>>> print(open('entry_35.txt').read())   # compact mmCIF, C-alpha atoms and all ligand atoms
# COMPACT_ATOMS: atom_id res chain seq x y z
CA PHE I 204 259.84 131.78 252.52
CA GLN I 205 258.40 133.98 255.25
CA SER I 206 261.78 135.68 255.79
CA LEU I 207 262.10 136.32 252.07
CA GLN I 208 258.73 138.03 252.04
CA ALA I 209 259.71 140.14 255.01
CA SER I 210 263.17 140.88 253.59
CA ARG I 211 261.68 142.37 250.45
CA PHE I 212 259.57 144.65 252.50
CA PHE I 213 262.23 145.65 254.96
CA SER I 214 264.85 146.23 252.31
CA GLN I 215 262.65 148.99 250.96
CA LEU I 216 261.52 150.47 254.24
CA GLN I 217 264.34 150.17 256.76
CA PRO I 218 265.09 151.47 259.28
CA LYS I 219 261.70 152.85 260.31
CA CYS I 220 259.61 149.71 259.98
CA SER I 221 260.47 147.55 262.97
CA PHE I 222 256.88 147.04 264.00
CA GLY I 223 254.39 144.23 263.96
CA ILE I 224 250.71 143.66 264.67
CA ALA I 225 248.85 141.05 266.73
CA PHE I 226 245.17 140.76 265.90
CA ASP I 227 242.66 139.32 268.30
CA ILE I 228 240.03 137.30 266.38
CA ASP I 229 236.65 137.16 268.15
CA GLY I 230 235.12 140.60 268.41
CA VAL I 231 237.85 142.23 266.29
CA VAL I 232 238.11 140.51 262.90
CA LEU I 233 235.19 138.07 263.21
CA ARG I 234 231.89 137.70 265.05
CA GLY I 235 231.09 134.03 264.79
CA ARG I 236 232.05 133.32 261.20
CA PHE I 237 231.34 136.82 259.90
CA PRO I 238 234.10 139.34 259.16
CA ILE I 239 233.53 142.61 261.02
CA GLY I 240 234.91 146.14 261.22
CA GLY I 241 236.29 146.14 257.67
CA SER I 242 238.73 143.36 258.68
CA SER I 243 239.24 141.95 255.17
CA ARG I 244 240.06 145.38 253.75
CA ALA I 245 242.35 146.17 256.68
CA LEU I 246 244.31 142.92 256.34
CA THR I 247 244.66 143.31 252.57
CA ARG I 248 246.61 146.51 253.25
CA LEU I 249 249.32 144.43 254.93
CA TYR I 250 250.20 142.72 251.64
CA ASP I 251 251.80 144.18 248.51
CA ASP I 252 250.27 144.03 245.01
CA SER I 253 251.82 140.63 244.36
CA GLY I 254 250.23 139.22 247.51
CA SER I 255 253.45 139.12 249.57
CA LEU I 256 253.41 140.06 253.22
CA LYS I 257 254.45 143.67 253.85
CA VAL I 258 253.94 143.95 257.59
CA PRO I 259 254.71 141.20 260.14
CA PHE I 260 251.41 140.23 261.69
CA LEU I 261 249.72 137.30 263.37
CA PHE I 262 246.49 136.33 265.04
CA LEU I 263 246.61 136.08 268.82
CA THR I 264 243.38 134.47 269.95
CA ASN I 265 242.25 132.74 273.12
CA GLY I 266 239.92 130.65 270.97
CA GLY I 267 240.75 127.34 269.31
CA GLY I 268 239.48 123.81 268.83
CA ILE I 269 241.13 122.96 265.51
CA PRO I 270 244.80 122.68 264.54
CA GLU I 271 246.56 125.93 263.62
CA SER I 272 246.96 124.77 260.00
CA ARG I 273 243.23 124.32 259.65
CA ARG I 274 242.47 127.62 261.40
CA ALA I 275 244.78 129.36 258.93
CA LEU I 276 242.82 127.86 256.01
CA GLU I 277 239.54 128.88 257.62
CA LEU I 278 240.80 132.46 258.08
CA ASN I 279 241.98 132.49 254.44
CA GLU I 280 238.46 131.60 253.32
CA LEU I 281 236.63 133.99 255.64
CA LEU I 282 238.94 136.97 255.24
CA GLY I 283 240.28 136.49 251.71
CA VAL I 284 243.96 136.86 252.61
CA ASN I 285 246.77 134.33 252.62
CA ILE I 286 247.44 133.28 256.24
CA LEU I 287 250.23 130.89 257.18
CA PRO I 288 249.76 128.40 260.06
CA SER I 289 252.66 130.09 261.87
CA GLN I 290 250.59 133.30 261.92
CA VAL I 291 247.94 131.65 264.10
CA LEU I 292 248.51 131.52 267.86
CA GLN I 293 245.55 129.96 269.64
CA GLY I 294 244.87 129.58 273.35
CA HIS I 295 245.99 125.97 273.28
CA SER I 296 249.10 126.49 271.10
CA PRO I 297 251.46 126.51 274.15
CA PHE I 298 250.16 123.07 275.20
CA LYS I 299 252.75 121.63 272.82
CA ASN I 300 255.37 122.71 275.37
CA LEU I 301 253.99 120.05 277.74
CA LEU I 302 254.77 117.26 275.29
CA LYS I 303 257.85 116.01 277.11
CA ARG I 304 255.84 115.46 280.27
CA PHE I 305 252.78 113.74 278.79
CA GLU I 306 253.84 112.43 275.37
CA ASN I 307 253.14 108.77 276.15
CA GLU I 308 250.67 109.19 279.02
CA LEU I 309 246.91 108.87 278.79
CA ILE I 310 245.45 112.39 278.66
CA VAL I 311 241.95 113.69 277.94
CA ALA I 312 241.04 116.83 276.01
CA THR I 313 237.72 118.62 275.78
CA GLY I 314 236.11 121.56 274.02
CA LYS I 315 234.35 122.42 270.77
CA GLY I 316 235.96 121.28 267.53
CA GLU I 317 238.41 118.42 267.56
CA PRO I 318 240.29 118.53 270.86
CA ALA I 319 241.95 115.11 270.49
CA LEU I 320 243.13 115.90 266.98
CA VAL I 321 244.66 119.19 268.14
CA MET I 322 246.63 117.43 270.86
CA SER I 323 247.71 114.51 268.70
CA GLU I 324 248.99 116.97 266.08
CA TYR I 325 251.16 118.47 268.82
CA GLY I 326 252.62 114.99 269.29
CA PHE I 327 250.69 113.59 272.28
CA LYS I 328 250.45 109.87 271.59
CA LYS I 329 247.68 108.76 273.94
CA VAL I 330 245.00 111.42 273.89
CA LEU I 331 241.24 110.87 273.99
CA SER I 332 238.51 113.44 273.64
CA LEU I 333 236.30 113.57 276.73
CA ASP I 334 233.43 112.43 274.47
CA GLU I 335 235.25 109.27 273.60
CA TYR I 336 236.68 108.75 277.07
CA ALA I 337 233.20 108.98 278.65
CA SER I 338 231.87 106.39 276.21
CA TYR I 339 234.01 103.71 277.88
CA PHE I 340 232.15 104.13 281.19
CA GLU I 341 228.62 102.81 281.29
CA ASN I 342 226.19 105.15 283.11
CA ILE I 343 228.83 107.82 283.75
CA ASP I 344 226.37 110.40 282.39
CA PRO I 345 222.99 109.61 284.02
CA VAL I 346 221.09 111.94 281.67
CA SER I 347 222.64 110.85 278.39
CA GLN I 348 219.45 109.16 277.19
CA TYR I 349 217.69 112.52 277.26
CA LYS I 350 220.17 114.12 274.92
CA THR I 351 219.06 114.56 271.37
CA TRP I 352 222.59 114.60 269.96
CA LYS I 353 225.12 111.87 269.40
CA THR I 354 228.75 112.29 270.45
CA GLU I 355 231.78 111.21 268.48
CA GLN I 356 233.02 107.92 269.84
CA VAL I 357 235.55 106.96 267.21
CA SER I 358 239.15 107.54 268.19
CA THR I 359 241.18 110.05 266.18
CA THR I 360 244.30 108.45 267.61
CA SER I 361 245.65 104.95 267.60
CA CYS I 362 244.67 104.41 271.24
CA HIS I 363 242.46 101.41 270.51
CA SER I 364 245.18 99.60 268.68
CA VAL I 365 247.58 99.61 271.64
CA PRO I 366 247.75 95.94 272.73
CA GLY I 367 246.22 95.27 276.13
CA TYR I 368 245.08 98.85 276.46
CA ILE I 369 241.90 99.13 278.51
CA VAL I 370 240.82 102.74 278.74
CA SER I 371 238.72 102.41 281.90
CA SER I 372 241.56 100.91 283.94
CA GLU I 373 244.31 103.20 282.70
CA ARG I 374 245.03 106.24 284.91
CA VAL I 375 244.41 109.64 283.26
CA LYS I 376 247.57 111.68 283.81
CA ALA I 377 246.24 115.11 282.79
CA ALA I 378 243.11 116.87 281.52
CA PHE I 379 243.14 119.70 278.99
CA VAL I 380 240.32 122.13 278.22
CA ILE I 381 241.37 123.27 274.79
CA SER I 382 238.32 125.28 273.68
CA ASP I 383 234.87 126.26 274.95
CA PRO I 384 233.20 123.06 276.21
CA VAL I 385 230.03 121.97 274.40
CA ASP I 386 228.29 119.81 277.02
CA TRP I 387 229.07 121.61 280.28
CA GLY I 388 227.06 119.27 282.51
CA ARG I 389 228.66 116.08 281.18
CA ASP I 390 232.12 117.64 281.10
CA ILE I 391 231.86 118.88 284.70
CA GLN I 392 230.66 115.45 285.84
CA VAL I 393 233.38 113.47 284.03
CA LEU I 394 236.16 115.93 284.87
CA CYS I 395 235.14 115.78 288.55
CA ASP I 396 235.25 111.96 288.29
CA ILE I 397 238.74 112.02 286.77
CA LEU I 398 240.14 114.71 289.03
CA ARG I 399 238.91 113.52 292.40
CA SER I 400 239.69 109.85 291.79
CA GLY I 401 243.27 110.52 290.76
CA GLY I 402 242.51 109.70 287.12
CA LEU I 403 240.42 106.53 287.59
CA PRO I 404 236.69 107.42 287.51
CA GLY I 405 234.53 105.39 289.85
CA ARG I 406 237.45 104.45 292.09
CA ILE I 407 238.40 105.81 295.49
CA ASN I 408 239.92 109.24 295.95
CA GLY I 409 243.40 109.87 294.62
CA HIS I 410 245.78 112.72 293.96
CA GLN I 411 244.34 115.21 291.46
CA PRO I 412 245.98 114.98 288.04
CA PRO I 413 247.05 118.30 286.47
CA LEU I 414 244.33 120.32 284.77
CA TYR I 415 245.10 122.88 282.05
CA PHE I 416 242.84 125.52 280.53
CA ALA I 417 243.75 127.12 277.18
CA ALA I 418 242.35 130.46 278.37
CA ASP I 419 240.29 132.01 281.13
CA ASP I 420 237.95 134.41 279.33
CA LEU I 421 234.85 134.97 281.42
CA GLU I 422 232.99 136.25 278.36
CA TYR I 423 233.76 136.80 274.69
CA GLN I 424 232.03 138.27 271.68
CA ALA I 425 230.45 135.81 269.25
CA ALA I 426 227.65 136.38 266.71
CA PHE I 427 224.96 137.10 269.35
CA PRO I 428 224.65 140.81 270.23
CA SER I 429 225.68 140.43 273.88
CA GLU I 430 228.74 138.55 275.15
CA ARG I 431 228.73 134.77 275.53
CA LEU I 432 230.08 132.78 278.49
CA GLY I 433 233.63 131.63 277.80
CA MET I 434 236.13 129.14 279.18
CA GLY I 435 236.63 131.20 282.34
CA ALA I 436 232.93 130.81 283.13
CA PHE I 437 233.24 127.06 282.65
CA ARG I 438 236.30 127.05 284.91
CA ILE I 439 234.34 128.85 287.65
CA ALA I 440 231.48 126.35 287.37
CA LEU I 441 233.83 123.35 287.52
CA GLU I 442 235.87 124.82 290.35
CA SER I 443 232.82 125.75 292.46
CA ILE I 444 231.36 122.28 292.16
CA PHE I 445 234.66 120.43 292.60
CA ASN I 446 235.44 122.41 295.75
CA ARG I 447 232.07 121.42 297.23
CA ILE I 448 232.49 117.70 296.60
CA HIS I 449 236.21 117.28 297.24
CA HIS I 450 238.33 117.81 300.35
CA SER I 451 241.06 119.85 298.68
CA PRO I 452 240.53 122.75 296.28
CA LEU I 453 240.87 122.36 292.52
CA GLU I 454 244.36 122.95 291.18
CA TYR I 455 244.74 124.18 287.64
CA VAL I 456 246.84 126.28 285.27
CA THR I 457 245.36 128.74 282.78
CA PHE I 458 247.08 129.72 279.54
CA GLY I 459 246.14 132.37 276.95
CA LYS I 460 246.01 136.16 277.14
CA PRO I 461 246.56 138.11 279.40
CA ASN I 462 249.54 135.94 280.50
CA PRO I 463 252.79 137.78 279.71
CA PHE I 464 254.42 134.66 278.20
CA VAL I 465 251.78 134.70 275.44
CA PHE I 466 252.91 138.16 274.39
CA LYS I 467 256.59 137.18 274.64
CA ASN I 468 255.90 134.20 272.42
CA ALA I 469 254.03 136.41 269.91
CA GLU I 470 257.05 138.70 269.83
CA THR I 471 259.32 135.74 269.05
CA ILE I 472 257.04 134.47 266.28
CA LEU I 473 256.71 137.97 264.77
CA SER I 474 260.48 138.31 264.72
CA GLN I 475 260.60 135.30 262.40
CA PHE I 476 258.87 137.45 259.81
CA MET I 477 261.71 139.97 259.93
CA PRO I 478 265.00 139.74 258.01
CA SER I 479 267.79 138.01 259.93
CA CYS I 480 269.85 141.21 260.28
CA LEU I 481 267.08 142.61 262.47
CA THR I 482 266.34 139.57 264.59
CA THR I 483 269.43 139.45 266.79
CA LYS I 484 268.41 140.04 270.37
CA GLY I 485 269.81 143.20 271.91
CA ASP I 486 271.51 143.59 275.31
CA THR I 487 268.11 143.55 276.96
CA GLY I 488 267.37 140.14 275.46
CA SER I 489 264.46 141.58 273.45
CA TYR I 490 263.90 141.62 269.71
CA PRO I 491 264.42 145.01 268.11
CA PHE I 492 260.79 145.89 267.50
CA GLU I 493 260.09 149.55 268.08
CA THR I 494 256.40 148.86 268.44
CA LEU I 495 254.15 145.82 268.58
CA TYR I 496 250.48 146.61 268.27
CA MET I 497 247.86 144.48 270.01
CA ILE I 498 244.41 145.09 268.55
CA GLY I 499 241.75 143.61 270.82
CA ASP I 500 238.17 143.98 271.98
CA ASN I 501 238.45 142.73 275.55
CA PRO I 502 239.98 145.15 278.10
CA THR I 503 240.57 142.52 280.80
CA VAL I 504 242.24 140.11 278.38
CA ASP I 505 243.80 141.84 275.36
CA ILE I 506 244.50 145.27 276.81
CA LYS I 507 245.48 144.09 280.27
CA GLY I 508 247.84 141.58 278.62
CA ALA I 509 249.49 144.14 276.34
CA ARG I 510 249.85 146.58 279.23
CA GLN I 511 251.46 143.95 281.44
CA ALA I 512 253.78 142.88 278.63
CA GLY I 513 255.05 146.47 278.54
CA ASN I 514 257.49 147.82 275.97
CA PRO I 515 257.26 147.52 272.93
CA TRP I 516 253.55 146.66 273.14
CA PHE I 517 251.00 149.34 272.22
CA SER I 518 247.36 148.46 272.87
CA ILE I 519 244.43 149.36 270.64
CA LEU I 520 240.88 148.68 271.83
CA THR I 521 238.06 148.33 269.30
CA ARG I 522 234.35 148.82 269.93
CA THR I 523 233.24 145.81 267.86
CA GLY I 524 233.27 143.24 270.64
CA VAL I 525 233.24 142.93 274.42
CA PHE I 526 234.06 146.62 274.94
CA LYS I 527 231.17 148.86 273.96
CA GLY I 528 232.01 152.04 275.89
CA THR I 529 232.32 155.52 274.50
CA ASP I 530 235.54 156.50 276.31
CA ASN I 531 238.45 154.34 277.40
CA HIS I 532 238.16 151.41 279.81
CA PRO I 533 238.59 152.75 283.39
CA GLU I 534 240.60 149.86 284.82
CA PHE I 535 242.63 148.77 281.80
CA PRO I 536 242.82 151.81 279.53
CA ALA I 537 244.20 151.15 276.05
CA ASP I 538 246.81 153.38 274.38
CA LEU I 539 244.18 154.04 271.72
CA VAL I 540 240.44 153.36 271.38
CA VAL I 541 238.90 153.08 267.91
CA ASP I 542 235.60 151.92 266.45
CA THR I 543 236.93 149.17 264.19
CA VAL I 544 239.98 147.14 263.26
CA GLU I 545 240.11 149.00 259.95
CA GLU I 546 240.48 152.27 261.84
CA ALA I 547 243.23 150.68 263.94
CA VAL I 548 245.21 149.54 260.88
CA ASP I 549 244.75 152.93 259.26
CA TYR I 550 246.18 154.59 262.37
CA ILE I 551 249.16 152.19 262.48
CA LEU I 552 250.09 152.58 258.83
CA LYS I 553 249.87 156.39 259.02
CA ARG I 554 251.96 156.40 262.18
CA GLU I 555 254.62 154.07 260.83
CA PHE I 556 255.01 155.33 257.26
O1 LIG F 1 236.32 131.31 272.66
C1 LIG F 1 237.06 132.36 272.19
C2 LIG F 1 237.21 133.48 273.12
O2 LIG F 1 237.34 133.08 274.44
C3 LIG F 1 238.21 134.53 272.77
O3 LIG F 1 238.68 134.66 271.48
O4 LIG F 1 239.83 135.76 269.61
O5 LIG F 1 238.68 137.14 271.35
O6 LIG F 1 240.78 135.95 271.93
P1 LIG F 1 239.54 135.96 271.09
MG MG F 2 238.29 139.03 271.36
>>> encode(input="entry_35.txt", output="structure tokens")
Amino acid sequence: FQSLQASRFFSQLQPKCSFGIAFDIDGVVLRGRFPIGGSSRALTRLYDDSGSLKVPFLFLTNGGGIPESRRALELNELLGVNILPSQVLQGHSPFKNLLKRFENELIVATGKGEPALVMSEYGFKKVLSLDEYASYFENIDPVSQYKTWKTEQVSTTSCHSVPGYIVSSERVKAAFVISDPVDWGRDIQVLCDILRSGGLPGRINGHQPPLYFAADDLEYQAAFPSERLGMGAFRIALESIFNRIHHSPLEYVTFGKPNPFVFKNAETILSQFMPSCLTTKGDTGSYPFETLYMIGDNPTVDIKGARQAGNPWFSILTRTGVFKGTDNHPEFPADLVVDTVEEAVDYILKREF
């Protein structure tokens, strides 16, 4: 279906139209839940009058917390355009590549939204949210009685139904931070418990299980006028504390932009929106895009990532988010700086057609 849409477009516009666009979300198309920078109008221009996709594009965000299918629906509602789940690449999307290693192992996932649901949709069979996991350990959070909110303690997976399965005596094999954590203090405490005990909180020290972060953004642009602390800030807090209470330093892997593999993956997904005659890899092993545009608001994440990814990426920095300067960013200058995403799309369409 996607290829058919793309074929129609490319049959009319070949050979000049081998380009695609990756849109950052926070600070470019949305601030919180509000569309910004003329994003709805800009995206509408990427569809023809019948509502079919004209230009291969996707969303490349370091955010997440809900499955890609649900994020696509949410974007449909907020932006008024038809987004397919395959057009949504979130920070945690590559976690599905770790399925082979942890499919049947007990793992924990934390962050806003529904971290356990995200991971179980990727196929992980024994995943618990940190909220639920913590609820199996009496007194693990010594300040819980002072909290005015209740945490979800009902499993979204079939963990409870596994015969003879006792959560507190089963070793946690990996921890995943899939989106911005909600209760930093509790999460830091329980993650330290898991990580320094070798996956068995309250027990003696053991080898640290693997820890994965979906992204490492120090700050990002939400609805508040100045930037908010992101997953990278949480990582620093956890790491600083862990390294003070444990004999060996925290080991972890971070995903998300600016990692080059994220841009490679985006290129592969975008190529699926092109007709098959154009998707054969060339001698260089790359897809035949002349240009891939990354439109982002964060110089150290979006622009740095696109610059590192190199050809055919072309970076466009907007002023609607983290970057608020008048000129270009000194350390990670973009190929183009514009005020809004609408201006960016206008530039691309003029340049390409
Ligand atoms: O929590 C989201 C944030 O870290 C970045 O989102 O869309 O700007 O990559 P985005
Ligand atoms: Mg952003």
>>> closest_residue(input="entry_35.txt", among="I:Pro452, I:Gly294, I:Pro491, I:Pro270", to="ligand LIG 1 (chain F)", atoms="only C-alpha atoms and all ligand atoms")
I:Gly294
>>> residues_near_ligand(input="entry_35.txt", ligand="ligand MG 2 (chain F)", cutoff="12 Å", atoms="all atoms listed in the file", output="number ranges by chain")
I: 225-235, 239, 262-266, 293-294, 418, 420-426, 430-431, 433, 459-461, 497-506, 520-526, 544
>>> residues_around(input="entry_35.txt", residues="I:Phe298", least_positions_apart="6", cutoff="9 Å", atoms="all atoms listed in the file", output="list in words")
Met322, Tyr325, Phe379, Ile381, Tyr415, Ala417 and Phe458 of chain I
>>> residues_around(input="entry_35.txt", residues="I:Lys353", least_positions_apart="5", cutoff="12 Å", atoms="all atoms listed in the file", output="PyMOL selection string")
chain I and resi 334-335+338+347-348+386
>>> closest_atom_pairs(input="entry_35.txt", of="stretch 308-341 of chain I", to="stretch 273-284 of chain I", cutoff="12 Å", atoms="all atoms listed in the file", output="Markdown table")
| residue | atom | partner | partner_atom | distance |
| --- | --- | --- | --- | --- |
| I:Gly316 | CA | I:Arg274 | CA | 11.0 |
| I:Glu317 | CA | I:Arg273 | CA | 11.0 |
| I:Leu320 | CA | I:Arg273 | CA | 11.2 |
| I:Val321 | CA | I:Arg273 | CA | 10.0 |
| I:Glu324 | CA | I:Arg273 | CA | 11.3 |
>>> residues_around(input="entry_35.txt", residues="I:Asp549", least_positions_apart="3", cutoff="12 Å", atoms="only C-alpha atoms", output="PDB file with C-alpha atoms, keeping the file's coordinate frame")
ATOM      1  CA  GLY I 241     236.290 146.140 257.670  1.00  0.00           C
ATOM      2  CA  SER I 242     238.730 143.360 258.680  1.00  0.00           C
ATOM      3  CA  ARG I 244     240.060 145.380 253.750  1.00  0.00           C
ATOM      4  CA  ALA I 245     242.350 146.170 256.680  1.00  0.00           C
ATOM      5  CA  LEU I 246     244.310 142.920 256.340  1.00  0.00           C
ATOM      6  CA  THR I 247     244.660 143.310 252.570  1.00  0.00           C
ATOM      7  CA  ARG I 248     246.610 146.510 253.250  1.00  0.00           C
ATOM      8  CA  LEU I 249     249.320 144.430 254.930  1.00  0.00           C
ATOM      9  CA  ILE I 519     244.430 149.360 270.640  1.00  0.00           C
ATOM     10  CA  VAL I 541     238.900 153.080 267.910  1.00  0.00           C
ATOM     11  CA  ASP I 542     235.600 151.920 266.450  1.00  0.00           C
ATOM     12  CA  THR I 543     236.930 149.170 264.190  1.00  0.00           C
ATOM     13  CA  VAL I 544     239.980 147.140 263.260  1.00  0.00           C
ATOM     14  CA  GLU I 545     240.110 149.000 259.950  1.00  0.00           C
ATOM     15  CA  GLU I 546     240.480 152.270 261.840  1.00  0.00           C
ATOM     16  CA  LEU I 552     250.090 152.580 258.830  1.00  0.00           C
ATOM     17  CA  LYS I 553     249.870 156.390 259.020  1.00  0.00           C
ATOM     18  CA  ARG I 554     251.960 156.400 262.180  1.00  0.00           C
ATOM     19  CA  GLU I 555     254.620 154.070 260.830  1.00  0.00           C
ATOM     20  CA  PHE I 556     255.010 155.330 257.260  1.00  0.00           C
TER      21      PHE I 556
END
>>> atom_distance(input="entry_35.txt", atom1="atom CA of I:Ala547", atom2="atom CA of I:Leu432")
26.6 Å
>>> closest_residue(input="entry_35.txt", among="I:Asp419, I:Glu534, I:Glu493, I:Glu442", to="ligand LIG 1 (chain F)", atoms="all atoms listed in the file")
I:Asp419
>>> closest_residue(input="entry_35.txt", among="I:Ser272, I:Thr457, I:Thr351, I:Ser518", to="I:Leu292", atoms="all atoms listed in the file")
I:Ser272
>>> atom_distance(input="entry_35.txt", atom1="atom CA of I:Tyr336", atom2="atom CA of I:Gly268")
17.4 Å
>>> closest_residue(input="entry_35.txt", among="I:Val291, I:Ala337, I:Leu394, I:Val330", to="ligand LIG 1 (chain F)", atoms="only C-alpha atoms and all ligand atoms")
I:Val291
